[in-house]
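Student: Before we start, here is the structure in question, set down as structure tokens.
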Amino acid sequence: MDVAFVIRQRLAELRCEQRDLARAAEVTESYISQLLTRKKAPPAPHRTDMYDKMETFLQLPRGELARLANLQRQEELQGKLGEPPTPLFQDMRALILHKCPPDKAPYLRAIFEKQPFGELERLVTQKLLDVVKNIAKEELASETWLRIMARLADRSYEQMRVIVLEFLDADIFNVSAEHCVAFLEPLLEA
């Protein structure tokens, strides 16, 4: 049994729709749809408030969805462990190099190009993500902050909430271009 199955089953029992659940969880209907079709992995329970809101709406025992999400994420991680890491996309590298002192950027760029996704690139990327994640986690409960970030990224409140929730789930192996462009860069600039 997985998160998507339980949510779909409960929505059917309650005769509710995805849009009702999206509204209750304060995310987009598209995000809920992607969770239910398994196009998106369930977010890590310790990084989001979404499960509490969904469990309340779906009238499920507290912690049930979070427990299932944890199990599902562990299974997916075990499947990925055998795969070698792939290089970061260019937007993330450009952001790292932009934040680097100008006199050091050429040296760092040369290292990145010589060792695609080598130790240095992973270390710098992870530290950058950790700093921004701490800020995002603290501010996730602030509707004002989310609305400001949404305005900066030209997104709706719900879209920005989804981006932040996905970003909190991201690690150096799966940070996306959308995280970088829509959230990470505006937050660093702010």
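FYI, nothing fancy with the structure tokens labels: chains A, B, ... in order, residues from 1 per chain, ligands from 1 as they appear.
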Report the closest atom pair, with its distance in Å rounded to one decimal, for each residue of stretch 37-65 of chain A that has an atom no farther than 7 Å from stretch 4-22 of chain A; count only C-alpha atoms, sort by chain and then rising residue number, and write it as a tab-separated table.

Tutor:
```
residue	atom	partner	partner_atom	distance
A:Arg38	CA	A:Ala4	CA	6.9
A:Met54	CA	A:Leu21	CA	6.8
A:Phe57	CA	A:Leu21	CA	7.0
A:Leu58	CA	A:Arg10	CA	6.3
```

Student: What would the file look like if the residues just selected were written as a PDB file, in the first residue's frame with C-alpha atoms?

Tutor:
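The result, written out as part.pdb:
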```pdb
ATOM      1  CA  ARG A  38       2.895   8.756  -8.905  1.00  0.00           C
ATOM      2  CA  MET A  54      -4.277  16.051   4.345  1.00  0.00           C
ATOM      3  CA  PHE A  57      -9.184  16.586   5.600  1.00  0.00           C
ATOM      4  CA  LEU A  58      -9.217  12.852   4.817  1.00  0.00           C
TER       5      LEU A  58
END
```

Student: Determine, for each residue of stretch 19-106 of chain A having at least one atom at most 9 Å from an atom of stretch 137-154 of chain A, the closest pair of atoms and their separation in Å to one decimal, counting only C-alpha atoms; order by chain and ascending number, as a tab-separated table.

Tutor:
```
residue	atom	partner	partner_atom	distance
A:Arg47	CA	A:Lys137	CA	7.1
A:Thr48	CA	A:Lys137	CA	8.0
A:Asp49	CA	A:Ala141	CA	8.4
```

Student: With N, CA, C and O atoms retained, export the selected residues as a CSV table (one decimal), in the first residue's frame.

Tutor:
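For reference, selection.csv as written:
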```
chain,number,residue,atom,x,y,z
A,47,ARG,N,9.8,17.3,6.5
A,47,ARG,CA,10.1,18.6,5.8
A,47,ARG,C,8.8,19.3,5.4
A,47,ARG,O,8.9,20.3,4.7
A,48,THR,N,7.6,18.8,5.8
A,48,THR,CA,6.4,19.4,5.3
A,48,THR,C,5.3,19.4,6.3
A,48,THR,O,5.3,18.5,7.2
A,49,ASP,N,4.4,20.3,6.2
A,49,ASP,CA,3.2,20.3,7.0
A,49,ASP,C,2.0,19.7,6.3
A,49,ASP,O,0.9,19.7,6.8
```

Student: In Å to one decimal, how far is atom CA of A:Glu158 from atom CA of A:Val27?

Tutor: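 Here the two named atoms are 4.7 Å from each other.
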
Student: Which polymer residues have any atom within 8 Å of an atom of stretch 73-76 of chain A, counting only C-alpha atoms, with same-chain residues fewer than 4 positions away left out, as a ChimeraX atom specification?

Tutor: /A:41-42,44,69,80

Student: Quick one, how far is atom CA of A:Asn134 from atom CA of A:Ala105?

Tutor: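 Result for atom CA of A:Asn134 versus atom CA of A:Ala105: 25.8 Å, one decimal.
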
Student: Using only C-alpha atoms, can you tell me which of A:Arg161, A:His46, A:Arg155, A:Lys39 comes closest to A:Asn70?

Tutor: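 Looking only at the distances to A:Asn70, the closest residue turns out to be A:His46.
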
Student: Nearest to A:Leu60 among A:Leu108, A:Val3, A:Ser156, A:Met92, with distances taken over only C-alpha atoms: which residue is it?

Tutor: A:Val3

Student: Taking the chain letters and numbering used in this document, name the residues of chain A that DSSP puts in helix (DSSP H, G or I), as a PyMOL selection string.

Tutor: chain A and resi 3-14+18-25+29-36+45-47+50-58+64-80+90-99+105-114+119-139+143-152+157-169+177-189

Student: So the first atom is atom CA of A:Lys127 and the second is atom CA of A:Val175; what is the distance between them in Å, to one decimal place?

Tutor: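 Those two atoms sit 13.1 Å apart.
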